[in-house]
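**Q** Structure file query-v6.csv (CSV, C-alpha atoms) is given on the next line.
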```
chain,number,residue,atom,x,y,z
O,276,MET,CA,0.0,0.0,0.0
O,277,ILE,CA,0.9,3.7,-0.2
O,278,ASP,CA,3.3,4.8,2.6
O,279,PRO,CA,3.9,8.6,2.8
O,280,LYS,CA,7.0,7.9,5.0
O,281,LEU,CA,8.9,6.2,2.2
O,282,ASN,CA,11.5,8.2,0.3
O,283,ILE,CA,9.5,7.6,-2.9
O,284,GLY,CA,6.9,10.0,-4.3
O,285,LEU,CA,3.3,9.0,-3.9
O,286,GLY,CA,2.8,9.0,-7.7
O,287,GLU,CA,5.7,6.7,-8.1
O,288,GLN,CA,4.4,4.3,-5.4
O,289,LEU,CA,1.0,4.2,-7.0
O,290,THR,CA,2.6,3.6,-10.4
O,291,ASP,CA,4.4,0.6,-9.0
O,292,ILE,CA,1.2,-0.8,-7.5
O,293,LEU,CA,-1.0,-0.3,-10.6
O,294,ARG,CA,1.8,-1.7,-12.8
O,295,MET,CA,1.9,-4.9,-10.8
O,296,ARG,CA,-1.9,-5.2,-10.8
O,297,ILE,CA,-2.1,-4.7,-14.6
O,298,VAL,CA,0.8,-7.1,-15.4
O,299,GLY,CA,-0.5,-9.6,-12.9
O,300,GLY,CA,-4.0,-9.5,-14.4
O,301,GLN,CA,-5.8,-8.1,-11.4
O,302,LEU,CA,-6.9,-5.2,-13.6
O,303,GLU,CA,-8.5,-6.5,-16.8
O,304,ASN,CA,-7.9,-5.3,-20.3
O,305,GLY,CA,-10.3,-2.5,-21.2
O,306,LEU,CA,-11.2,-1.7,-17.6
O,307,LYS,CA,-11.8,2.1,-17.1
O,308,LEU,CA,-10.1,3.8,-14.2
O,309,THR,CA,-10.9,7.3,-13.1
O,310,GLU,CA,-8.7,9.6,-11.1
O,311,THR,CA,-11.5,10.1,-8.5
O,312,ALA,CA,-12.0,6.4,-7.9
O,313,VAL,CA,-8.3,5.5,-7.7
O,314,ALA,CA,-7.6,8.5,-5.4
O,315,SER,CA,-10.4,7.4,-3.1
O,316,GLU,CA,-9.2,3.7,-3.1
O,317,TYR,CA,-5.7,4.7,-2.1
O,318,GLY,CA,-6.5,7.7,0.1
O,319,LEU,CA,-4.7,10.1,-2.2
O,320,SER,CA,-5.3,13.4,-3.9
O,321,ARG,CA,-5.8,13.4,-7.7
O,322,ALA,CA,-2.3,14.8,-8.4
O,323,PRO,CA,-0.3,11.5,-7.7
O,324,VAL,CA,-3.0,9.5,-9.5
O,325,ARG,CA,-2.6,11.7,-12.6
O,326,GLU,CA,1.2,11.2,-12.4
O,327,ALA,CA,0.8,7.4,-12.1
O,328,PHE,CA,-1.6,7.4,-15.1
O,329,ARG,CA,0.9,9.4,-17.2
O,330,ASN,CA,3.7,7.0,-16.2
O,331,LEU,CA,1.7,3.9,-17.2
O,332,GLU,CA,0.5,5.5,-20.4
O,333,TYR,CA,4.2,6.0,-21.3
O,334,GLU,CA,4.8,2.3,-20.6
O,335,GLY,CA,1.9,1.3,-22.8
O,336,LEU,CA,-0.2,-0.1,-19.9
O,337,LEU,CA,-2.9,2.6,-20.0
O,338,ASP,CA,-4.7,4.6,-22.7
O,339,ILE,CA,-5.7,8.0,-21.5
O,340,THR,CA,-9.1,9.3,-22.7
O,341,LYS,CA,-11.5,12.1,-21.8
O,342,GLN,CA,-13.5,9.6,-19.8
O,343,GLY,CA,-10.6,8.2,-17.9
O,344,ALA,CA,-7.8,5.7,-18.2
O,345,VAL,CA,-8.3,2.4,-20.0
O,346,VAL,CA,-6.2,-0.6,-19.0
O,347,LYS,CA,-4.1,-2.1,-21.8
O,348,VAL,CA,-2.8,-5.5,-20.8
O,349,LEU,CA,0.3,-6.5,-22.8
O,350,THR,CA,-0.4,-9.0,-25.5
O,351,GLU,CA,2.0,-12.0,-26.1
O,352,LYS,CA,3.3,-10.2,-29.2
O,353,GLU,CA,4.0,-7.1,-27.2
O,354,VAL,CA,5.8,-9.0,-24.5
O,355,ASN,CA,8.0,-10.7,-27.1
O,356,GLU,CA,8.7,-7.3,-28.6
O,357,PHE,CA,9.6,-6.0,-25.2
O,358,TYR,CA,12.1,-8.8,-24.8
O,359,ASN,CA,13.6,-8.1,-28.2
O,360,VAL,CA,14.5,-4.6,-26.9
O,361,ARG,CA,15.7,-6.0,-23.6
O,362,TYR,CA,17.9,-8.6,-25.5
O,363,MET,CA,19.5,-5.9,-27.7
O,364,LEU,CA,20.3,-3.6,-24.7
O,365,GLU,CA,21.6,-6.4,-22.6
O,366,SER,CA,23.8,-7.8,-25.4
O,367,PHE,CA,25.4,-4.4,-25.7
O,368,ALA,CA,25.9,-4.1,-21.9
O,369,LEU,CA,27.5,-7.5,-21.5
O,370,SER,CA,29.9,-7.0,-24.4
O,371,HIS,CA,30.9,-3.5,-23.0
O,372,ILE,CA,31.8,-4.3,-19.4
O,373,PRO,CA,34.9,-2.3,-18.6
O,374,PRO,CA,38.0,-4.5,-18.1
O,375,ASP,CA,38.5,-3.4,-14.5
O,376,ALA,CA,34.8,-4.2,-13.7
O,377,ARG,CA,34.7,-7.7,-15.3
O,378,GLU,CA,35.9,-9.7,-12.2
O,379,PRO,CA,33.6,-8.0,-9.7
O,380,VAL,CA,30.7,-8.4,-12.1
O,381,ILE,CA,31.5,-12.1,-12.6
O,382,ARG,CA,31.7,-12.6,-8.8
O,383,PHE,CA,28.4,-10.8,-8.3
O,384,MET,CA,26.7,-12.9,-11.0
O,385,GLU,CA,28.0,-16.1,-9.5
O,386,THR,CA,26.6,-15.1,-6.1
O,387,SER,CA,23.2,-14.2,-7.7
O,388,ALA,CA,23.0,-17.6,-9.4
O,389,ASP,CA,23.9,-19.3,-6.1
O,390,ARG,CA,21.1,-17.4,-4.4
O,391,MET,CA,18.7,-18.2,-7.2
O,392,GLU,CA,19.4,-21.9,-6.6
O,393,LEU,CA,18.9,-21.5,-2.8
O,394,ALA,CA,15.6,-19.6,-3.4
O,395,LEU,CA,14.5,-22.5,-5.6
O,396,SER,CA,15.3,-25.0,-2.9
O,397,HIS,CA,13.1,-23.0,-0.5
O,398,LYS,CA,10.4,-22.4,-3.2
O,399,ASP,CA,10.8,-18.7,-2.7
O,400,ALA,CA,9.5,-17.1,-5.9
O,401,ASP,CA,10.1,-13.5,-4.9
O,402,GLU,CA,13.7,-14.1,-3.8
O,403,PHE,CA,14.4,-16.1,-7.0
O,404,ALA,CA,13.0,-13.2,-9.1
O,405,ALA,CA,15.0,-10.6,-7.1
O,406,GLN,CA,18.3,-12.5,-7.7
O,407,ASP,CA,17.4,-13.0,-11.4
O,408,ILE,CA,16.8,-9.3,-11.8
O,409,ALA,CA,20.0,-8.5,-9.9
O,410,PHE,CA,22.0,-10.8,-12.2
O,411,HIS,CA,20.6,-9.2,-15.4
O,412,THR,CA,20.9,-5.6,-14.3
O,413,LYS,CA,24.5,-5.7,-13.0
O,414,ALA,CA,26.2,-5.0,-16.4
O,415,PHE,CA,24.1,-1.8,-16.8
O,416,GLU,CA,25.5,-0.5,-13.5
O,417,VAL,CA,29.1,-0.6,-14.7
O,418,ILE,CA,29.1,0.2,-18.4
O,419,ASP,CA,30.1,3.7,-19.5
O,420,HIS,CA,27.3,4.6,-21.9
O,421,LYS,CA,24.8,7.3,-21.0
O,422,PHE,CA,22.1,6.4,-23.5
O,423,ILE,CA,22.1,2.7,-23.1
O,424,LYS,CA,21.7,3.3,-19.4
O,425,LEU,CA,18.9,5.8,-20.1
O,426,PHE,CA,17.1,3.3,-22.4
O,427,TRP,CA,17.4,0.6,-19.8
O,428,ALA,CA,16.1,2.8,-17.1
O,429,ASN,CA,13.0,3.5,-19.2
O,430,ILE,CA,12.1,-0.2,-19.3
O,431,ASP,CA,13.6,-1.4,-16.0
O,432,LYS,CA,10.5,-1.2,-13.9
O,433,LEU,CA,8.2,-2.8,-16.4
O,434,TYR,CA,10.9,-5.6,-16.9
O,435,ARG,CA,10.9,-6.2,-13.1
O,436,ALA,CA,7.1,-6.4,-13.0
O,437,ILE,CA,6.9,-8.9,-15.9
O,438,LEU,CA,9.7,-11.1,-14.4
O,439,ILE,CA,8.2,-11.1,-10.9
O,440,VAL,CA,4.7,-12.0,-12.1
O,441,GLY,CA,6.0,-14.6,-14.4
O,442,THR,CA,8.2,-16.2,-11.7
O,443,ARG,CA,5.4,-16.3,-9.2
O,444,ARG,CA,3.2,-18.0,-11.8
O,445,GLN,CA,5.8,-20.6,-12.6
O,446,PHE,CA,6.4,-21.4,-8.9
O,447,ASP,CA,2.7,-21.6,-8.3
O,448,LYS,CA,2.5,-24.2,-11.2
O,449,GLY,CA,5.4,-26.2,-9.7
O,450,GLU,CA,7.6,-25.6,-12.6
O,451,PHE,CA,10.8,-26.1,-10.5
O,452,GLU,CA,12.7,-28.3,-13.0
O,453,TYR,CA,12.2,-25.6,-15.6
O,454,LYS,CA,13.6,-23.0,-13.1
O,455,ARG,CA,16.6,-25.2,-12.4
O,456,GLU,CA,17.3,-25.1,-16.2
O,457,VAL,CA,17.0,-21.3,-16.0
O,458,VAL,CA,19.7,-21.3,-13.2
O,459,ASP,CA,21.9,-23.4,-15.4
O,460,LYS,CA,21.5,-20.9,-18.3
O,461,HIS,CA,22.7,-18.1,-15.9
O,462,ARG,CA,25.7,-20.2,-15.0
O,463,GLN,CA,26.5,-20.7,-18.7
O,464,MET,CA,26.5,-16.9,-19.1
O,465,VAL,CA,29.0,-16.6,-16.2
O,466,ALA,CA,31.2,-19.2,-17.7
O,467,ALA,CA,31.3,-17.3,-21.0
O,468,LEU,CA,32.1,-14.1,-19.2
O,469,LYS,CA,35.0,-15.8,-17.5
O,470,LYS,CA,36.4,-16.7,-20.9
O,471,GLY,CA,36.1,-13.2,-22.1
O,472,ASP,CA,34.9,-14.2,-25.6
O,473,ASN,CA,32.1,-11.8,-26.7
O,474,GLU,CA,30.7,-14.2,-29.3
O,475,GLU,CA,30.4,-16.9,-26.6
O,476,ILE,CA,28.9,-14.4,-24.1
O,477,LEU,CA,26.2,-13.3,-26.6
O,478,ALA,CA,25.6,-16.9,-27.6
O,479,ALA,CA,24.9,-17.8,-24.0
O,480,LEU,CA,22.5,-14.9,-23.7
O,481,ARG,CA,20.7,-15.9,-26.9
O,482,ASN,CA,20.5,-19.4,-25.6
O,483,HIS,CA,19.0,-18.2,-22.3
O,484,PHE,CA,16.4,-16.0,-24.1
O,485,HIS,CA,15.5,-18.7,-26.6
O,486,TYR,CA,15.0,-21.3,-23.8
O,487,ASN,CA,12.5,-18.9,-22.2
O,488,SER,CA,10.8,-18.4,-25.6
O,489,TRP,CA,11.3,-14.6,-25.1
O,490,ILE,CA,12.7,-14.0,-28.6
O,491,ASP,CA,12.2,-15.6,-32.0
O,492,LYS,CA,15.2,-17.7,-33.0
O,493,LYS,CA,14.8,-16.6,-36.5
O,494,GLU,CA,15.3,-12.9,-35.6
O,495,PHE,CA,18.3,-13.3,-33.3
```
Let's see the structure in the file written out as structure tokens.
**A**
Amino acid sequence: MIDPKLNIGLGEQLTDILRMRIVGGQLENGLKLTETAVASEYGLSRAPVREAFRNLEYEGLLDITKQGAVVKVLTEKEVNEFYNVRYMLESFALSHIPPDAREPVIRFMETSADRMELALSHKDADEFAAQDIAFHTKAFEVIDHKFIKLFWANIDKLYRAILIVGTRRQFDKGEFEYKREVVDKHRQMVAALKKGDNEEILAALRNHFHYNSWIDKKEF
């Protein structure tokens, strides 16, 4: 829920909540939201609601009309297109890790993969997702490229929501063997990074994305 004491604006908090509800399917496609109703539900003024609506419109999750905001649940095609962009950005980041950052990044990723495996053993979906996110975002923290970082920042929160919701659903379905394979794909990426061969690094990333059916093998 909304917490005014947090060091995060009310509009941003509400954006995070509504994003998760849309991605998670709690708010159905085509549902109309009004500033007044949402403000009343969360005990807010209309200003942070308006901000949240604008943020979600930018992410493609709302369509703002004169009558209010209409929920736009991502289609399968749109999710795949989203991952096409993510793949292109992450490919660049992994192949442009500064030499002096490579070893720390590798150690961090190894630890994240270990923690994913531990979370899997405890059937902790949220911890698994948190470590998965940490693994894939680390390269963006160290590269020296203003606009790649900017583009990543623009999709980062939507990426997190999609991954968290997807991981929870897979755990709920008991797809633990599948998630063990996902951990193995992460370890293969670490092994490629240790060798320092960009072609092998990108091949490991492609293999990971193809395994998850996130991108079309014909395109990448």
**Q** Within 8 Å of range 451-474 of chain O, which residues of range 381-443 of chain O show up? Give each one with its shortest atom-to-atom distance in Å (one decimal) and the two atoms involved, counting all atoms listed in the file, rows by chain then rising residue number, as JSON lines.
**A**
```
{"residue": "O:Ile381", "atom": "CA", "partner": "O:Val465", "partner_atom": "CA", "distance": 6.3}
{"residue": "O:Met384", "atom": "CA", "partner": "O:Val465", "partner_atom": "CA", "distance": 6.8}
{"residue": "O:Glu385", "atom": "CA", "partner": "O:Val465", "partner_atom": "CA", "distance": 6.8}
{"residue": "O:Ala388", "atom": "CA", "partner": "O:Val458", "partner_atom": "CA", "distance": 6.2}
{"residue": "O:Met391", "atom": "CA", "partner": "O:Val458", "partner_atom": "CA", "distance": 6.8}
{"residue": "O:Glu392", "atom": "CA", "partner": "O:Val458", "partner_atom": "CA", "distance": 6.6}
{"residue": "O:Leu395", "atom": "CA", "partner": "O:Phe451", "partner_atom": "CA", "distance": 7.1}
```
**Q** From the list O:Glu332, O:Arg435, O:Leu285, O:Lys280, which residue is nearest Ser320 in chain O when using all atoms listed in the file?
**A**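 Checking each candidate against Ser320 in chain O, we get O:Leu285 as the closest.
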**Q** What's the 10 Å shell around Thr311 in chain O, counting all atoms listed in the file, without same-chain residues fewer than 4 positions away, as a PyMOL selection string?
**A** chain O and resi 315-316+319-321+324-325+343
**Q** Rank nothing, just name the residue among O:Ala322, O:Leu308, O:Tyr317, O:Leu477 nearest to Ile277 in chain O, using all atoms listed in the file.
**A**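 Ranked by minimum distance to Ile277 in chain O, first place goes to O:Tyr317.
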**Q** Quick one: everything within 6 Å of range 367-373 of chain O, counting all atoms listed in the file, minus sequence neighbours fewer than 6 positions away in the same chain. Send it as a PyMOL selection string.
**A** chain O and resi 414-415+418+473
**Q** Using all atoms listed in the file, what does the table of range 390-471 of chain O residues within 7 Å of range 287-303 of chain O look like, with each row giving the shortest atom pair and its distance in Å to one decimal, sorted by chain and ascending number, as CSV?
**A**
```
residue,atom,partner,partner_atom,distance
O:Ala436,CA,O:Met295,CA,5.8
O:Ile437,CA,O:Val298,CA,6.4
O:Val440,CA,O:Gly299,CA,5.8
```
**Q** Can you measure CA of Gly449 in chain O to CA of Asn355 in chain O for me? One decimal in Å is fine.
**A**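 Pair CA of Gly449 in chain O / CA of Asn355 in chain O returns 23.4 Å.
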**Q** Select, from O:Pro379, O:Val354, O:Ser366, O:Asp419, the residue with the minimum atom-to-atom distance to Leu438 in chain O, counting all atoms listed in the file.
**A** O:Val354
